[in-house]
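Step one of this worksheet: look at the structure below.
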Amino acid sequence: MTEPVCRCDEPGFDPYECESDDCTGYFSEFNPFAGAPMNERNAKVSRACGACGWRTTVWHVDDGSAEAELHGHVQSVHGGSYEPGGTR
Ligand SMILES: [Zn+2]
Ligand SMILES: [Zn+2]
């Protein structure tokens, strides 16, 4: 049995088909920003409170952190009486 050789440096080779133990292949899921345009790397996500207009800090990734921060604001300031996105 021959040792699998990493061929990921070859153009057009699919890294997912590489079976080498010392693979140098590039897997995009290990780097969520890979290949993303610059403006998406810095999402600058901010959420505004619908009850008082307060805004969260600006988050650079749209991973729900802004929503979580807004939720914390609603909990502490409005006693949880306003839910973001809710219709009341
Ligand atoms: Zn490889
Ligand atoms: Zn508020």
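Naming works like this for the structure tokens: A, B, ... for the chains as they're shown, residue 1 at the start of each chain, ligands 1 onward in shown order.
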Neighbourhood of ligand 1 at 7 Å, counting only C-alpha atoms and all ligand atoms, reported as a VMD selection string: chain A and resid 6 to 8 15 18 to 20 23 to 25
Residues contacting ligand 2 - anything with an atom at most 12 Å away, using only C-alpha atoms and all ligand atoms - can you give me those as a PyMOL selection string? chain A and resi 47-56+69-84
Output for the residues just chosen: N, CA and C atoms as a PDB file, in the first residue's frame:
```pdb
ATOM      1  N   ARG A  47     -27.683  46.529  16.009  1.00  0.00           N
ATOM      2  CA  ARG A  47     -29.134  46.418  16.106  1.00  0.00           C
ATOM      3  C   ARG A  47     -29.676  47.576  16.945  1.00  0.00           C
ATOM      4  N   ALA A  48     -30.797  48.097  16.534  1.00  0.00           N
ATOM      5  CA  ALA A  48     -31.424  49.193  17.267  1.00  0.00           C
ATOM      6  C   ALA A  48     -32.616  48.681  18.051  1.00  0.00           C
ATOM      7  N   CYS A  49     -32.746  49.215  19.250  1.00  0.00           N
ATOM      8  CA  CYS A  49     -33.889  48.851  20.068  1.00  0.00           C
ATOM      9  C   CYS A  49     -35.139  49.514  19.501  1.00  0.00           C
ATOM     10  N   GLY A  50     -36.175  48.721  19.257  1.00  0.00           N
ATOM     11  CA  GLY A  50     -37.404  49.265  18.699  1.00  0.00           C
ATOM     12  C   GLY A  50     -38.216  50.059  19.704  1.00  0.00           C
ATOM     13  N   ALA A  51     -37.862  49.939  20.969  1.00  0.00           N
ATOM     14  CA  ALA A  51     -38.647  50.619  22.001  1.00  0.00           C
ATOM     15  C   ALA A  51     -38.100  52.004  22.322  1.00  0.00           C
ATOM     16  N   CYS A  52     -36.753  52.139  22.351  1.00  0.00           N
ATOM     17  CA  CYS A  52     -36.181  53.419  22.767  1.00  0.00           C
ATOM     18  C   CYS A  52     -35.129  53.938  21.801  1.00  0.00           C
ATOM     19  N   GLY A  53     -34.804  53.177  20.788  1.00  0.00           N
ATOM     20  CA  GLY A  53     -33.844  53.652  19.810  1.00  0.00           C
ATOM     21  C   GLY A  53     -32.400  53.409  20.182  1.00  0.00           C
ATOM     22  N   TRP A  54     -32.153  52.824  21.349  1.00  0.00           N
ATOM     23  CA  TRP A  54     -30.786  52.489  21.755  1.00  0.00           C
ATOM     24  C   TRP A  54     -30.178  51.521  20.769  1.00  0.00           C
ATOM     25  N   ARG A  55     -28.889  51.693  20.509  1.00  0.00           N
ATOM     26  CA  ARG A  55     -28.225  50.804  19.557  1.00  0.00           C
ATOM     27  C   ARG A  55     -27.163  49.974  20.269  1.00  0.00           C
ATOM     28  N   THR A  56     -26.987  48.782  19.773  1.00  0.00           N
ATOM     29  CA  THR A  56     -25.916  47.941  20.292  1.00  0.00           C
ATOM     30  C   THR A  56     -24.587  48.480  19.798  1.00  0.00           C
ATOM     31  N   GLU A  69     -26.842  41.056  22.346  1.00  0.00           N
ATOM     32  CA  GLU A  69     -26.633  42.268  23.129  1.00  0.00           C
ATOM     33  C   GLU A  69     -27.931  43.066  23.242  1.00  0.00           C
ATOM     34  N   LEU A  70     -28.678  43.141  22.153  1.00  0.00           N
ATOM     35  CA  LEU A  70     -29.955  43.837  22.181  1.00  0.00           C
ATOM     36  C   LEU A  70     -30.908  43.148  23.145  1.00  0.00           C
ATOM     37  N   HIS A  71     -30.878  41.844  23.136  1.00  0.00           N
ATOM     38  CA  HIS A  71     -31.737  41.089  24.046  1.00  0.00           C
ATOM     39  C   HIS A  71     -31.388  41.433  25.493  1.00  0.00           C
ATOM     40  N   GLY A  72     -30.090  41.553  25.787  1.00  0.00           N
ATOM     41  CA  GLY A  72     -29.660  41.917  27.127  1.00  0.00           C
ATOM     42  C   GLY A  72     -30.138  43.309  27.504  1.00  0.00           C
ATOM     43  N   HIS A  73     -30.104  44.216  26.549  1.00  0.00           N
ATOM     44  CA  HIS A  73     -30.593  45.580  26.782  1.00  0.00           C
ATOM     45  C   HIS A  73     -32.079  45.553  27.113  1.00  0.00           C
ATOM     46  N   VAL A  74     -32.833  44.803  26.334  1.00  0.00           N
ATOM     47  CA  VAL A  74     -34.281  44.724  26.549  1.00  0.00           C
ATOM     48  C   VAL A  74     -34.591  44.136  27.919  1.00  0.00           C
ATOM     49  N   GLN A  75     -33.801  43.128  28.282  1.00  0.00           N
ATOM     50  CA  GLN A  75     -34.010  42.490  29.583  1.00  0.00           C
ATOM     51  C   GLN A  75     -33.784  43.478  30.725  1.00  0.00           C
ATOM     52  N   SER A  76     -32.682  44.233  30.642  1.00  0.00           N
ATOM     53  CA  SER A  76     -32.299  45.073  31.776  1.00  0.00           C
ATOM     54  C   SER A  76     -33.037  46.407  31.786  1.00  0.00           C
ATOM     55  N   VAL A  77     -33.262  46.990  30.618  1.00  0.00           N
ATOM     56  CA  VAL A  77     -33.844  48.329  30.560  1.00  0.00           C
ATOM     57  C   VAL A  77     -35.368  48.280  30.489  1.00  0.00           C
ATOM     58  N   HIS A  78     -35.861  47.356  29.702  1.00  0.00           N
ATOM     59  CA  HIS A  78     -37.308  47.310  29.502  1.00  0.00           C
ATOM     60  C   HIS A  78     -37.952  46.129  30.209  1.00  0.00           C
ATOM     61  N   GLY A  79     -37.201  45.457  31.017  1.00  0.00           N
ATOM     62  CA  GLY A  79     -37.746  44.332  31.754  1.00  0.00           C
ATOM     63  C   GLY A  79     -38.230  43.217  30.849  1.00  0.00           C
ATOM     64  N   GLY A  80     -37.636  43.163  29.644  1.00  0.00           N
ATOM     65  CA  GLY A  80     -38.006  42.088  28.718  1.00  0.00           C
ATOM     66  C   GLY A  80     -39.340  42.312  28.038  1.00  0.00           C
ATOM     67  N   SER A  81     -39.858  43.544  28.140  1.00  0.00           N
ATOM     68  CA  SER A  81     -41.200  43.789  27.607  1.00  0.00           C
ATOM     69  C   SER A  81     -41.191  43.999  26.102  1.00  0.00           C
ATOM     70  N   TYR A  82     -40.027  44.231  25.559  1.00  0.00           N
ATOM     71  CA  TYR A  82     -39.953  44.384  24.113  1.00  0.00           C
ATOM     72  C   TYR A  82     -39.066  43.321  23.514  1.00  0.00           C
ATOM     73  N   GLU A  83     -39.594  42.571  22.590  1.00  0.00           N
ATOM     74  CA  GLU A  83     -38.796  41.548  21.935  1.00  0.00           C
ATOM     75  C   GLU A  83     -38.403  42.035  20.543  1.00  0.00           C
ATOM     76  N   PRO A  84     -37.112  41.982  20.220  1.00  0.00           N
ATOM     77  CA  PRO A  84     -36.671  42.421  18.892  1.00  0.00           C
ATOM     78  C   PRO A  84     -37.365  41.616  17.814  1.00  0.00           C
TER      79      PRO A  84
END
```
Report, in Å to a single decimal, how far apart CA of Val61 in chain A and CA of Tyr16 in chain A are.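 Spanning CA of Tyr16 in chain A to CA of Val61 in chain A is a straight-line distance of 26.9 Å.
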In Å to one decimal, how far is CA of Val45 in chain A from CA of Ala66 in chain A?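 Separating CA of Ala66 in chain A from CA of Val45 in chain A is a distance of 6.6 Å.
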